[in-house]
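Q: So here's query-v3.txt, just compact mmCIF, C-alpha atoms:
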# COMPACT_ATOMS: atom_id res chain seq x y z
CA MET K 1 127.53 -93.54 -107.93
CA THR K 2 127.96 -97.28 -107.37
CA THR K 3 131.47 -98.49 -108.17
CA VAL K 4 131.87 -101.96 -109.68
CA LEU K 5 135.03 -103.92 -110.41
CA ILE K 6 134.72 -106.60 -113.10
CA SER K 7 137.47 -109.21 -113.34
CA GLY K 8 137.87 -110.47 -116.90
CA ALA K 9 137.63 -108.85 -120.34
CA SER K 10 136.69 -111.70 -122.63
CA ILE K 11 132.93 -111.84 -123.37
CA ALA K 12 130.85 -111.61 -120.18
CA GLY K 13 133.05 -108.90 -118.62
CA PRO K 14 132.84 -106.27 -121.40
CA ALA K 15 129.14 -107.06 -121.97
CA LEU K 16 128.42 -106.47 -118.29
CA ALA K 17 130.55 -103.31 -118.32
CA TYR K 18 128.59 -101.99 -121.30
CA TRP K 19 125.22 -102.37 -119.58
CA LEU K 20 126.36 -101.16 -116.17
CA ASP K 21 127.87 -98.06 -117.78
CA ARG K 22 124.59 -97.46 -119.61
CA TYR K 23 122.75 -97.65 -116.28
CA GLY K 24 125.03 -95.09 -114.63
CA PHE K 25 127.45 -97.28 -112.67
CA ASP K 26 131.14 -96.39 -112.31
CA VAL K 27 132.88 -99.43 -113.84
CA THR K 28 136.46 -100.70 -113.77
CA VAL K 29 137.55 -103.85 -115.65
CA VAL K 30 140.75 -105.69 -114.74
CA GLU K 31 142.24 -108.14 -117.24
CA LYS K 32 145.37 -110.25 -116.85
CA SER K 33 146.21 -110.05 -120.57
CA ASN K 34 147.85 -106.91 -121.89
CA ALA K 35 145.01 -106.15 -124.32
CA ILE K 36 141.68 -107.43 -125.60
CA ARG K 37 142.52 -110.78 -127.13
CA GLY K 38 141.94 -110.94 -130.88
CA GLY K 39 141.75 -113.89 -133.26
CA GLY K 40 140.41 -117.20 -132.11
CA TYR K 41 138.02 -119.78 -133.44
CA PRO K 42 134.46 -118.87 -134.48
CA ILE K 43 131.72 -118.83 -131.87
CA ASP K 44 127.95 -118.75 -132.23
CA ILE K 45 125.44 -116.20 -130.98
CA ARG K 46 121.97 -117.71 -130.99
CA GLY K 47 118.47 -117.28 -129.71
CA THR K 48 118.08 -114.99 -126.72
CA ALA K 49 121.70 -113.84 -126.98
CA ARG K 50 121.05 -112.35 -130.42
CA GLY K 51 118.50 -110.08 -128.76
CA VAL K 52 121.18 -108.85 -126.35
CA ILE K 53 123.51 -108.01 -129.23
CA ASP K 54 120.67 -106.25 -131.04
CA ARG K 55 119.88 -104.10 -127.97
CA MET K 56 123.54 -103.16 -127.74
CA GLY K 57 123.44 -101.84 -131.30
CA LEU K 58 126.11 -104.33 -132.38
CA LEU K 59 124.04 -106.41 -134.77
CA PRO K 60 125.09 -104.61 -138.01
CA ARG K 61 128.78 -104.84 -137.09
CA LEU K 62 128.59 -108.53 -136.22
CA GLN K 63 126.52 -109.34 -139.28
CA LYS K 64 129.38 -107.94 -141.37
CA ALA K 65 131.80 -110.12 -139.40
CA HIS K 66 129.63 -113.23 -139.88
CA VAL K 67 131.85 -116.17 -140.85
CA GLY K 68 129.11 -118.18 -142.50
CA THR K 69 130.15 -121.82 -142.18
CA ARG K 70 128.37 -123.55 -145.04
CA ARG K 71 128.68 -127.18 -144.04
CA ILE K 72 129.99 -129.65 -141.50
CA SER K 73 131.26 -132.91 -142.96
CA PHE K 74 131.87 -136.19 -141.15
CA VAL K 75 134.36 -138.78 -142.37
CA ALA K 76 135.12 -142.39 -141.44
CA PRO K 77 138.51 -143.41 -139.97
CA ASP K 78 139.88 -144.00 -143.47
CA GLY K 79 138.62 -140.61 -144.68
CA THR K 80 135.56 -141.93 -146.52
CA PRO K 81 132.74 -139.33 -146.44
CA ILE K 82 129.78 -140.15 -144.21
CA ALA K 83 127.53 -137.10 -144.43
CA ALA K 84 127.58 -133.32 -144.77
CA MET K 85 125.01 -130.77 -143.67
CA GLN K 86 124.45 -127.18 -142.70
CA PRO K 87 125.56 -126.32 -139.14
CA GLU K 88 122.01 -125.34 -138.12
CA SER K 89 120.90 -128.92 -138.72
CA LEU K 90 123.31 -130.06 -136.03
CA VAL K 91 122.78 -127.46 -133.33
CA GLY K 92 119.12 -126.59 -133.73
CA GLY K 93 119.93 -123.05 -134.78
CA ALA K 94 118.03 -120.79 -137.12
CA GLU K 95 119.51 -120.28 -140.57
CA GLY K 96 119.82 -116.59 -141.36
CA LEU K 97 119.39 -115.60 -137.69
CA ASP K 98 122.32 -117.23 -135.90
CA LEU K 99 125.55 -115.27 -135.93
CA GLU K 100 128.90 -117.00 -136.26
CA VAL K 101 131.85 -114.70 -135.63
CA ARG K 102 135.47 -115.02 -134.64
CA ARG K 103 135.87 -114.76 -130.91
CA GLY K 104 138.19 -111.78 -131.35
CA ASP K 105 135.66 -109.97 -133.53
CA LEU K 106 133.02 -110.32 -130.81
CA ALA K 107 135.47 -109.20 -128.11
CA ASP K 108 136.45 -106.15 -130.18
CA ALA K 109 132.80 -105.27 -130.83
CA LEU K 110 132.00 -105.42 -127.11
CA TYR K 111 135.07 -103.34 -126.20
CA ALA K 112 134.69 -100.57 -128.79
CA PRO K 113 131.65 -98.76 -127.27
CA ILE K 114 133.12 -98.62 -123.77
CA LYS K 115 136.88 -98.29 -124.20
CA ASP K 116 136.70 -94.53 -123.58
CA ARG K 117 133.96 -94.71 -120.95
CA VAL K 118 135.11 -97.55 -118.69
CA GLU K 119 138.46 -97.87 -116.92
CA PHE K 120 140.42 -100.92 -118.14
CA ARG K 121 143.38 -102.20 -116.11
CA PHE K 122 145.24 -104.52 -118.49
CA ASP K 123 148.14 -106.74 -117.49
CA ASP K 124 146.80 -106.92 -113.94
CA SER K 125 144.54 -109.10 -111.79
CA ILE K 126 143.00 -109.35 -108.34
CA ALA K 127 145.49 -110.59 -105.74
CA THR K 128 143.23 -110.28 -102.68
CA LEU K 129 139.76 -109.02 -101.93
CA ASP K 130 138.16 -108.36 -98.59
CA ASP K 131 134.38 -108.01 -98.43
CA ARG K 132 133.87 -105.66 -95.48
CA GLY K 133 130.07 -105.73 -95.63
CA ASP K 134 129.74 -102.12 -96.75
CA ARG K 135 132.51 -102.24 -99.39
CA VAL K 136 135.09 -104.54 -100.97
CA ASP K 137 138.77 -103.75 -100.50
CA VAL K 138 140.85 -105.03 -103.41
CA VAL K 139 144.61 -105.36 -103.80
CA PHE K 140 145.77 -105.96 -107.36
CA ALA K 141 148.73 -108.09 -108.42
CA SER K 142 150.43 -104.84 -109.45
CA GLY K 143 150.29 -103.73 -105.82
CA ALA K 144 147.64 -101.05 -106.28
CA ALA K 145 144.84 -100.98 -103.68
CA ARG K 146 141.28 -99.85 -104.39
CA THR K 147 137.85 -99.99 -102.81
CA PHE K 148 134.65 -100.85 -104.70
CA ASP K 149 131.00 -101.20 -103.82
CA LEU K 150 130.67 -104.46 -105.78
CA VAL K 151 132.95 -106.99 -107.49
CA VAL K 152 131.94 -109.33 -110.30
CA GLY K 153 134.01 -112.27 -111.47
CA ALA K 154 133.80 -112.73 -115.24
CA ASP K 155 137.15 -114.49 -115.42
CA GLY K 156 136.24 -117.79 -116.97
CA LEU K 157 136.17 -121.49 -116.19
CA HIS K 158 139.19 -121.30 -113.89
CA SER K 159 138.01 -118.10 -112.20
CA ASN K 160 140.39 -116.51 -109.72
CA THR K 161 137.54 -114.45 -108.27
CA ARG K 162 135.51 -117.58 -107.60
CA ARG K 163 138.47 -119.19 -105.87
CA LEU K 164 139.10 -116.16 -103.65
CA VAL K 165 135.46 -115.87 -102.53
CA PHE K 166 133.93 -119.34 -102.76
CA GLY K 167 136.92 -121.66 -102.42
CA PRO K 168 138.74 -124.19 -104.62
CA GLU K 169 137.44 -124.91 -108.10
CA GLU K 170 137.21 -128.66 -107.52
CA GLN K 171 133.97 -128.39 -105.54
CA PHE K 172 132.19 -126.72 -108.47
CA HIS K 173 134.00 -128.32 -111.39
CA ARG K 174 132.01 -131.05 -113.16
CA TYR K 175 134.36 -132.91 -115.47
CA ILE K 176 132.66 -134.18 -118.65
CA GLY K 177 135.32 -136.81 -119.33
CA TYR K 178 137.18 -135.30 -122.30
CA ALA K 179 140.28 -133.21 -122.89
CA PHE K 180 141.15 -131.28 -126.02
CA ALA K 181 143.90 -129.40 -127.81
CA GLY K 182 143.19 -126.48 -130.12
CA PHE K 183 145.70 -124.82 -132.47
CA THR K 184 146.06 -123.37 -135.95
CA LEU K 185 147.88 -124.64 -139.03
CA PRO K 186 148.20 -123.57 -142.66
CA ASN K 187 145.21 -124.26 -144.88
CA GLU K 188 146.80 -126.92 -147.06
CA PHE K 189 143.54 -128.74 -147.61
CA GLY K 190 141.45 -126.53 -149.88
CA LEU K 191 138.88 -125.90 -147.14
CA SER K 192 136.64 -122.85 -147.04
CA HIS K 193 133.82 -121.95 -144.64
CA GLU K 194 133.45 -125.52 -143.42
CA GLY K 195 134.28 -128.02 -140.72
CA VAL K 196 135.38 -131.63 -141.11
CA VAL K 197 135.11 -134.19 -138.29
CA TRP K 198 136.96 -137.53 -138.12
CA ASN K 199 136.03 -140.09 -135.45
CA VAL K 200 136.99 -143.28 -133.77
CA PRO K 201 135.36 -144.22 -130.44
CA GLY K 202 135.97 -141.53 -127.85
CA ARG K 203 138.15 -139.39 -130.10
CA ALA K 204 137.71 -136.70 -132.74
CA ALA K 205 140.07 -134.88 -135.08
CA VAL K 206 138.58 -131.70 -136.50
CA PHE K 207 139.39 -129.06 -139.11
CA TYR K 208 137.52 -125.77 -138.97
CA ALA K 209 138.18 -123.43 -141.89
CA GLN K 210 137.13 -119.84 -142.48
CA GLU K 211 138.53 -117.99 -145.49
CA PRO K 212 140.63 -120.19 -147.80
CA ASP K 213 143.67 -117.93 -147.39
CA GLN K 214 143.54 -117.99 -143.58
CA PRO K 215 144.89 -120.61 -141.17
CA VAL K 216 142.71 -123.59 -140.31
CA HIS K 217 141.72 -124.30 -136.71
CA GLY K 218 142.61 -127.82 -135.66
CA PHE K 219 141.13 -129.64 -132.70
CA LEU K 220 142.05 -132.99 -131.19
CA THR K 221 139.51 -134.14 -128.62
CA PHE K 222 139.70 -137.38 -126.66
CA ARG K 223 138.11 -139.35 -123.85
CA GLN K 224 140.12 -139.15 -120.62
CA GLU K 225 138.76 -140.86 -117.51
CA GLU K 226 140.48 -138.49 -115.07
CA PRO K 227 141.55 -134.89 -115.70
CA PRO K 228 145.25 -134.84 -116.72
CA TYR K 229 146.31 -132.62 -113.84
CA ASP K 230 150.02 -133.16 -114.48
CA ALA K 231 149.70 -131.66 -117.96
CA PHE K 232 147.81 -128.46 -117.14
CA ARG K 233 150.91 -126.32 -116.62
CA ASN K 234 153.29 -128.32 -118.78
CA PRO K 235 152.94 -127.69 -122.54
CA GLN K 236 155.37 -130.48 -123.42
CA ALA K 237 153.36 -132.97 -121.37
CA GLN K 238 150.23 -131.76 -123.14
CA ARG K 239 151.77 -132.36 -126.56
CA GLU K 240 152.98 -135.82 -125.58
CA LEU K 241 149.63 -136.81 -124.12
CA VAL K 242 147.67 -135.69 -127.18
CA ALA K 243 150.11 -137.30 -129.63
CA ALA K 244 149.86 -140.61 -127.76
CA LYS K 245 146.07 -140.50 -128.04
CA PHE K 246 146.19 -140.18 -131.85
CA PRO K 247 148.60 -142.82 -133.24
CA GLU K 248 146.58 -143.39 -136.44
CA GLN K 249 148.33 -142.97 -139.78
CA SER K 250 145.07 -142.43 -141.64
CA TRP K 251 143.33 -139.39 -143.12
CA HIS K 252 144.98 -136.11 -141.98
CA VAL K 253 145.48 -137.24 -138.39
CA PRO K 254 149.31 -137.34 -138.66
CA ARG K 255 149.35 -133.78 -140.03
CA LEU K 256 147.14 -132.54 -137.23
CA VAL K 257 149.35 -134.20 -134.61
CA GLN K 258 152.44 -132.70 -136.22
CA ALA K 259 150.85 -129.23 -136.30
CA MET K 260 149.81 -129.57 -132.68
CA GLY K 261 153.39 -130.38 -131.72
CA GLU K 262 154.73 -127.32 -133.56
CA ALA K 263 151.99 -124.79 -132.79
CA ASP K 264 152.85 -121.61 -130.93
CA ASP K 265 149.17 -121.03 -130.10
CA LEU K 266 148.34 -124.39 -128.51
CA PHE K 267 145.38 -124.22 -126.12
CA PHE K 268 144.85 -127.30 -123.96
CA ASP K 269 142.09 -127.87 -121.42
CA VAL K 270 139.47 -130.32 -120.23
CA VAL K 271 135.80 -130.35 -121.20
CA SER K 272 133.95 -129.40 -118.07
CA GLN K 273 131.21 -127.29 -116.56
CA ILE K 274 130.78 -125.19 -113.44
CA HIS K 275 127.79 -125.95 -111.20
CA MET K 276 127.28 -123.76 -108.12
CA PRO K 277 124.42 -123.58 -105.61
CA THR K 278 124.64 -119.77 -105.69
CA TRP K 279 126.45 -117.29 -107.92
CA SER K 280 126.90 -114.58 -105.33
CA GLY K 281 128.16 -114.03 -101.82
CA GLY K 282 128.02 -110.72 -100.00
CA ARG K 283 129.09 -107.99 -102.40
CA VAL K 284 130.66 -110.36 -104.94
CA ALA K 285 128.88 -112.11 -107.83
CA LEU K 286 129.91 -114.29 -110.77
CA VAL K 287 128.79 -114.23 -114.39
CA GLY K 288 129.50 -116.27 -117.53
CA ASP K 289 131.84 -119.26 -117.38
CA ALA K 290 133.01 -118.28 -113.90
CA ALA K 291 129.51 -119.06 -112.60
CA TYR K 292 128.05 -121.56 -115.06
CA ALA K 293 130.38 -122.72 -117.80
CA THR K 294 128.37 -124.78 -120.27
CA SER K 295 131.47 -126.27 -122.05
CA PHE K 296 132.25 -125.98 -125.74
CA LEU K 297 130.31 -129.20 -126.41
CA SER K 298 127.11 -127.26 -125.69
CA GLY K 299 127.99 -124.60 -128.26
CA GLN K 300 126.37 -122.03 -125.96
CA GLY K 301 129.08 -120.63 -123.70
CA SER K 302 129.26 -117.17 -125.25
CA SER K 303 125.52 -116.87 -125.77
CA VAL K 304 124.77 -117.75 -122.15
CA ALA K 305 127.48 -115.32 -121.00
CA LEU K 306 125.92 -112.47 -122.99
CA VAL K 307 122.48 -113.17 -121.55
CA GLY K 308 123.83 -113.48 -118.02
CA ALA K 309 125.66 -110.16 -118.27
CA TYR K 310 122.56 -108.41 -119.58
CA VAL K 311 120.34 -109.78 -116.81
CA LEU K 312 122.82 -109.14 -113.99
CA ALA K 313 123.24 -105.51 -115.04
CA GLY K 314 119.51 -105.06 -115.45
CA GLU K 315 118.72 -106.41 -111.99
CA LEU K 316 121.42 -104.24 -110.40
CA ALA K 317 119.86 -101.24 -112.12
CA THR K 318 116.39 -102.26 -110.93
CA TYR K 319 117.08 -102.84 -107.23
CA ALA K 320 118.89 -100.46 -104.92
CA ASP K 321 119.95 -103.38 -102.72
CA HIS K 322 122.65 -105.52 -104.35
CA ALA K 323 121.62 -108.66 -102.47
CA THR K 324 118.08 -108.42 -103.86
CA ALA K 325 119.49 -107.82 -107.34
CA PHE K 326 121.83 -110.81 -107.13
CA THR K 327 118.93 -113.05 -106.04
CA ALA K 328 116.73 -111.78 -108.86
CA TYR K 329 119.53 -112.41 -111.38
CA GLU K 330 119.86 -116.03 -110.27
CA GLN K 331 116.13 -116.64 -110.23
CA ARG K 332 115.71 -115.09 -113.66
CA ILE K 333 118.25 -117.15 -115.59
CA ARG K 334 119.10 -120.31 -113.66
CA GLY K 335 116.60 -122.37 -115.62
CA PHE K 336 117.96 -121.00 -118.90
CA VAL K 337 121.51 -121.82 -117.82
CA GLU K 338 120.63 -125.36 -116.80
CA GLN K 339 118.83 -126.09 -120.07
CA ASN K 340 121.89 -124.98 -122.01
CA GLN K 341 124.28 -126.92 -119.80
CA ALA K 342 122.19 -130.00 -120.53
CA LEU K 343 123.07 -129.73 -124.23
CA VAL K 344 126.53 -131.12 -123.48
CA GLY K 345 125.29 -134.69 -123.88
CA ASP K 346 124.03 -134.07 -127.39
CA GLY K 347 127.23 -132.26 -128.28
CA ARG K 348 129.38 -135.12 -127.00
CA ASN K 349 127.36 -137.71 -128.90
CA THR K 350 127.71 -135.70 -132.10
CA LEU K 351 131.36 -134.66 -131.93
CA ALA K 352 133.04 -137.57 -130.13
CA PRO K 353 130.75 -140.55 -129.40
CA GLU K 354 132.32 -142.87 -126.84
CA THR K 355 131.61 -146.25 -128.49
CA GLN K 356 131.32 -147.65 -131.99
CA ASP K 357 127.62 -148.28 -131.40
CA LEU K 358 127.14 -144.59 -130.61
CA ILE K 359 129.16 -143.62 -133.68
CA ASP K 360 126.97 -145.90 -135.82
CA ALA K 361 123.81 -144.36 -134.36
CA ARG K 362 125.19 -140.86 -134.91
CA ASN K 363 126.09 -141.67 -138.50
CA ALA K 364 122.63 -143.10 -139.20
CA ALA K 365 121.07 -139.91 -137.80
CA LEU K 366 123.40 -137.77 -139.90
CA ARG K 367 122.45 -139.64 -143.07
CA SER K 368 118.79 -139.08 -142.28
CA ALA K 369 119.53 -135.40 -141.47
CA THR K 370 117.90 -135.70 -138.02
CA PRO K 371 120.79 -135.65 -135.53
CA ALA K 372 119.72 -135.69 -131.88
CA SER K 373 121.50 -132.43 -131.06
CA ALA K 374 119.21 -130.52 -133.40
CA GLN K 375 116.81 -130.29 -130.45
CA GLY K 376 119.07 -127.65 -128.88
CA GLY K 377 117.11 -124.78 -130.39
CA GLU K 378 114.56 -124.95 -127.56
CA ALA K 379 117.29 -124.22 -125.00
CA HIS K 380 118.71 -121.36 -127.09
CA THR K 381 115.42 -119.44 -126.81
CA ALA K 382 114.25 -120.68 -123.41
CA LEU K 383 114.42 -117.21 -121.85
CA GLU K 384 112.38 -114.24 -123.00
CA LEU K 385 114.69 -111.25 -122.74
CA PRO K 386 113.39 -108.92 -120.01
CA GLU K 387 113.09 -105.16 -120.36
CA TYR K 388 114.95 -103.01 -117.85
CA GLY K 389 113.64 -99.48 -118.09
CA THR K 390 115.56 -96.54 -119.50
CA ALA K 391 119.33 -96.61 -119.56
CA ALA K 392 121.31 -93.55 -118.55
Can you present the structure in this file as structure tokens?

A:
Amino acid sequence: MTTVLISGASIAGPALAYWLDRYGFDVTVVEKSNAIRGGGYPIDIRGTARGVIDRMGLLPRLQKAHVGTRRISFVAPDGTPIAAMQPESLVGGAEGLDLEVRRGDLADALYAPIKDRVEFRFDDSIATLDDRGDRVDVVFASGAARTFDLVVGADGLHSNTRRLVFGPEEQFHRYIGYAFAGFTLPNEFGLSHEGVVWNVPGRAAVFYAQEPDQPVHGFLTFRQEEPPYDAFRNPQAQRELVAAKFPEQSWHVPRLVQAMGEADDLFFDVVSQIHMPTWSGGRVALVGDAAYATSFLSGQGSSVALVGAYVLAGELATYADHATAFTAYEQRIRGFVEQNQALVGDGRNTLAPETQDLIDARNAALRSATPASAQGGEAHTALELPEYGTAA
């Protein structure tokens, strides 16, 4: 039985583990957190990715967990309403077909079918790996040593697996020119199942509300010419940088800045993508954001990760030779990945246009209900989901 180590238990990792287990592989998942991470902001599952969820038998569960954002509103710097519309009008989705679920609900749904079938090593990570040609010797941060036939990195944008096998992130990291802070705050605004976006050139302040009695997700996104490297491991520097970018005393911007400064769940990062000439080397492959992060401005990170996991598992089940399977995986979905990565431009021009002229053009499109980003639906369904025989 082929043994596979998957690094990362967010979205791509458990999805890959599910399919590999179904195909008869012996799977271990290592995750640096001490459990599957719950909570989190809502994410979308669209197009081809919905087919993956359906084939996993998770559609009924996720339909029950559907958040159902009813509208996205845009306001001027003084808070004056500009336009409001259904989310599908912005992203090119399909009303009634797209799923919008909390990230934690999706993670839990992916974990539930395999938690008793797949070995999970929580609170641990890969310290070293040595591809010996016929096996991969792994030493974990805990000190344990194991040998696997294959290793797959599903450990996100800042993948440790990618760094160990392919080298420093900088050579693959394509910075989109924005940074952002995400956090939660009490719902003091009477918001329910909706998002509200405030803009000035190159900056956006956003509320995203689910149930009226639950905390609101706040986001502060801003143009930054160079990645703020000094702030990445310094939460206080992050708070100071973001606060300095939003000095306005209008609308709810001061409240968002205050909440960001007090939040115990602050998440700060840059908006970027990963572009690699190949997603595998020897007996190690990458999937999801580790291989081809699309960025949150594309709205497709989780969907592309689900599709990538499904295809990688299917090709490994199809071909006895892992190298042939890795090549087939890349050839099958690279075009799909690239089309979805290309959506970042539309997302940027909708959420945080860089100039007043671009804001004016965006607002005119919103008022006419024909925003440019609504063309994204073609990328969401650009891949016809392949069939991979009979699972074990």

Q: Could you pull out every residue with an atom within 6 Å of (126.9, -97.1, -111.7), file coordinates, counting only C-alpha atoms, and send them as a PDB file with C-alpha atoms, in the coordinates of the input?

A:
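selection19.pdb, written as the output of this step:
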ATOM      1  CA  MET K   1     127.530 -93.540-107.930  1.00  0.00           C
ATOM      2  CA  THR K   2     127.960 -97.280-107.370  1.00  0.00           C
ATOM      3  CA  THR K   3     131.470 -98.490-108.170  1.00  0.00           C
ATOM      4  CA  GLY K  24     125.030 -95.090-114.630  1.00  0.00           C
ATOM      5  CA  PHE K  25     127.450 -97.280-112.670  1.00  0.00           C
ATOM      6  CA  ASP K  26     131.140 -96.390-112.310  1.00  0.00           C
TER       7      ASP K  26
END

Q: Would you mind telling me which residue in K:Leu358, K:Val270, K:Ala49, K:Ala382 lies nearest to K:Gly177 when using only C-alpha atoms?

A: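 Checking each of K:Leu358, K:Val270, K:Ala49, K:Ala382 against K:Gly177, counting only C-alpha atoms, the winner is K:Val270.
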
Q: Compile a residue-level contact table for stretch 131-188 of chain K against stretch 344-357 of chain K at a cut-off of 12 Å, reporting for every qualifying residue the shortest atom pair and its distance in Å to one decimal, with all atoms listed in the file counted, rows ordered by chain and ascending number, as a tab-separated table.

A:
residue	atom	partner	partner_atom	distance
K:Arg174	CA	K:Val344	CA	11.7
K:Tyr175	CA	K:Val344	CA	11.3
K:Ile176	CA	K:Val344	CA	8.4
K:Gly177	CA	K:Arg348	CA	9.8
K:Tyr178	CA	K:Arg348	CA	9.1
K:Ala179	CA	K:Ala352	CA	11.1
K:Phe180	CA	K:Ala352	CA	11.1

Q: Have a look at K:Ile82, K:Val151, K:Glu384, K:Ala364 and name the one nearest to K:Asp130; count all atoms listed in the file.

A: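 Once distances to K:Asp130 are computed over all atoms listed in the file, the minimum belongs to K:Val151.
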
Q: Go through K:Phe219, K:Tyr18, K:Trp251, K:Trp279 and flag the residue nearest K:Ala293, using all atoms listed in the file for the distances.

A: K:Trp279

Q: Calculate how many Å separate atom CA of K:Ala379 from atom CA of K:Gly301, rounding to one decimal.

A: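 We find that atom CA of K:Ala379 and atom CA of K:Gly301 lie 12.4 Å from each other.
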
Q: Do you have the atom CA of K:Gln339-atom CA of K:Thr327 distance handy?

A: 19.2 Å

Q: Have a look at atom CA of K:Ser295 and atom CA of K:Ala209 and let me know their distance in Å, one decimal.

A: 21.1 Å

Q: Would you mind listing, for every residue of stretch 261-317 of chain K within 6 Å of stretch 9-12 of chain K, the two atoms forming the shortest contact and the distance between them in Å to one decimal, using all atoms listed in the file, sorted by chain and ascending residue number, as JSON lines?

A:
{"residue": "K:Gly288", "atom": "CA", "partner": "K:Ala12", "partner_atom": "CA", "distance": 5.5}
{"residue": "K:Ala305", "atom": "CA", "partner": "K:Ala12", "partner_atom": "CA", "distance": 5.1}
{"residue": "K:Leu306", "atom": "CA", "partner": "K:Ala12", "partner_atom": "CA", "distance": 5.7}
{"residue": "K:Ala309", "atom": "CA", "partner": "K:Ala12", "partner_atom": "CA", "distance": 5.7}

Q: Could you write those residues out with C-alpha atoms, as a short mmCIF file (atom, residue, chain, number, x, y, z; two decimals), keeping the file's coordinate frame?

A:
data_model
loop_
_atom_site.label_atom_id
_atom_site.label_comp_id
_atom_site.auth_asym_id
_atom_site.auth_seq_id
_atom_site.Cartn_x
_atom_site.Cartn_y
_atom_site.Cartn_z
CA GLY K 288 129.50 -116.27 -117.53
CA ALA K 305 127.48 -115.32 -121.00
CA LEU K 306 125.92 -112.47 -122.99
CA ALA K 309 125.66 -110.16 -118.27
#

Q: Near K:Ile6, counting only C-alpha atoms, which residues have an atom at most 8 Å away, once you skip same-chain residues fewer than 2 positions from it, shown as a PDB file with C-alpha atoms, keeping the file's coordinate frame?

A:
ATOM      1  CA  VAL K   4     131.870-101.960-109.680  1.00  0.00           C
ATOM      2  CA  GLY K   8     137.870-110.470-116.900  1.00  0.00           C
ATOM      3  CA  GLY K  13     133.050-108.900-118.620  1.00  0.00           C
ATOM      4  CA  ALA K  17     130.550-103.310-118.320  1.00  0.00           C
ATOM      5  CA  VAL K  27     132.880 -99.430-113.840  1.00  0.00           C
ATOM      6  CA  THR K  28     136.460-100.700-113.770  1.00  0.00           C
ATOM      7  CA  VAL K  29     137.550-103.850-115.650  1.00  0.00           C
ATOM      8  CA  VAL K  30     140.750-105.690-114.740  1.00  0.00           C
ATOM      9  CA  VAL K 151     132.950-106.990-107.490  1.00  0.00           C
ATOM     10  CA  VAL K 152     131.940-109.330-110.300  1.00  0.00           C
ATOM     11  CA  GLY K 153     134.010-112.270-111.470  1.00  0.00           C
ATOM     12  CA  ALA K 154     133.800-112.730-115.240  1.00  0.00           C
TER      13      ALA K 154
END

Q: Skip K:Met260 itself and residues of its chain fewer than 3 positions away, then list as a ChimeraX atom specification all residues within 9 Å of it, counting all atoms listed in the file.

A: /K:181-185,218-220,239,242-243,255-257,263-266

Q: Create the file for the chosen residues now, containing C-alpha atoms and written as an mmCIF file, in the frame of the given file.

A:
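The result, written out as result_33.cif:
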data_model
loop_
_atom_site.group_PDB
_atom_site.id
_atom_site.type_symbol
_atom_site.label_atom_id
_atom_site.label_comp_id
_atom_site.auth_asym_id
_atom_site.auth_seq_id
_atom_site.Cartn_x
_atom_site.Cartn_y
_atom_site.Cartn_z
ATOM 1 C CA ALA K 181 143.900 -129.400 -127.810
ATOM 2 C CA GLY K 182 143.190 -126.480 -130.120
ATOM 3 C CA PHE K 183 145.700 -124.820 -132.470
ATOM 4 C CA THR K 184 146.060 -123.370 -135.950
ATOM 5 C CA LEU K 185 147.880 -124.640 -139.030
ATOM 6 C CA GLY K 218 142.610 -127.820 -135.660
ATOM 7 C CA PHE K 219 141.130 -129.640 -132.700
ATOM 8 C CA LEU K 220 142.050 -132.990 -131.190
ATOM 9 C CA ARG K 239 151.770 -132.360 -126.560
ATOM 10 C CA VAL K 242 147.670 -135.690 -127.180
ATOM 11 C CA ALA K 243 150.110 -137.300 -129.630
ATOM 12 C CA ARG K 255 149.350 -133.780 -140.030
ATOM 13 C CA LEU K 256 147.140 -132.540 -137.230
ATOM 14 C CA VAL K 257 149.350 -134.200 -134.610
ATOM 15 C CA ALA K 263 151.990 -124.790 -132.790
ATOM 16 C CA ASP K 264 152.850 -121.610 -130.930
ATOM 17 C CA ASP K 265 149.170 -121.030 -130.100
ATOM 18 C CA LEU K 266 148.340 -124.390 -128.510
#

Q: Go through K:Ala259, K:Val284, K:Ala204, K:Leu106 and flag the residue nearest K:Val216, using all atoms listed in the file for the distances.

A: K:Ala259

Q: Can you pull out every residue within 10 Å of K:Asn187, counting all atoms listed in the file, but drop anything in the same chain fewer than 6 positions away, and send it as a list in words?

A: Phe207, Tyr208, Ala209, Gln210, Glu211, Pro212, Asp213, Gln214, Pro215, Val216 and His217 of chain K

Q: Give me the residues near K:Ser142 as an MDAnalysis selection string, where near means some atom within 9 Å (using only C-alpha atoms) and where sequence neighbours in that chain fewer than 6 positions away do not count.

A: chainID K and resid 123:127
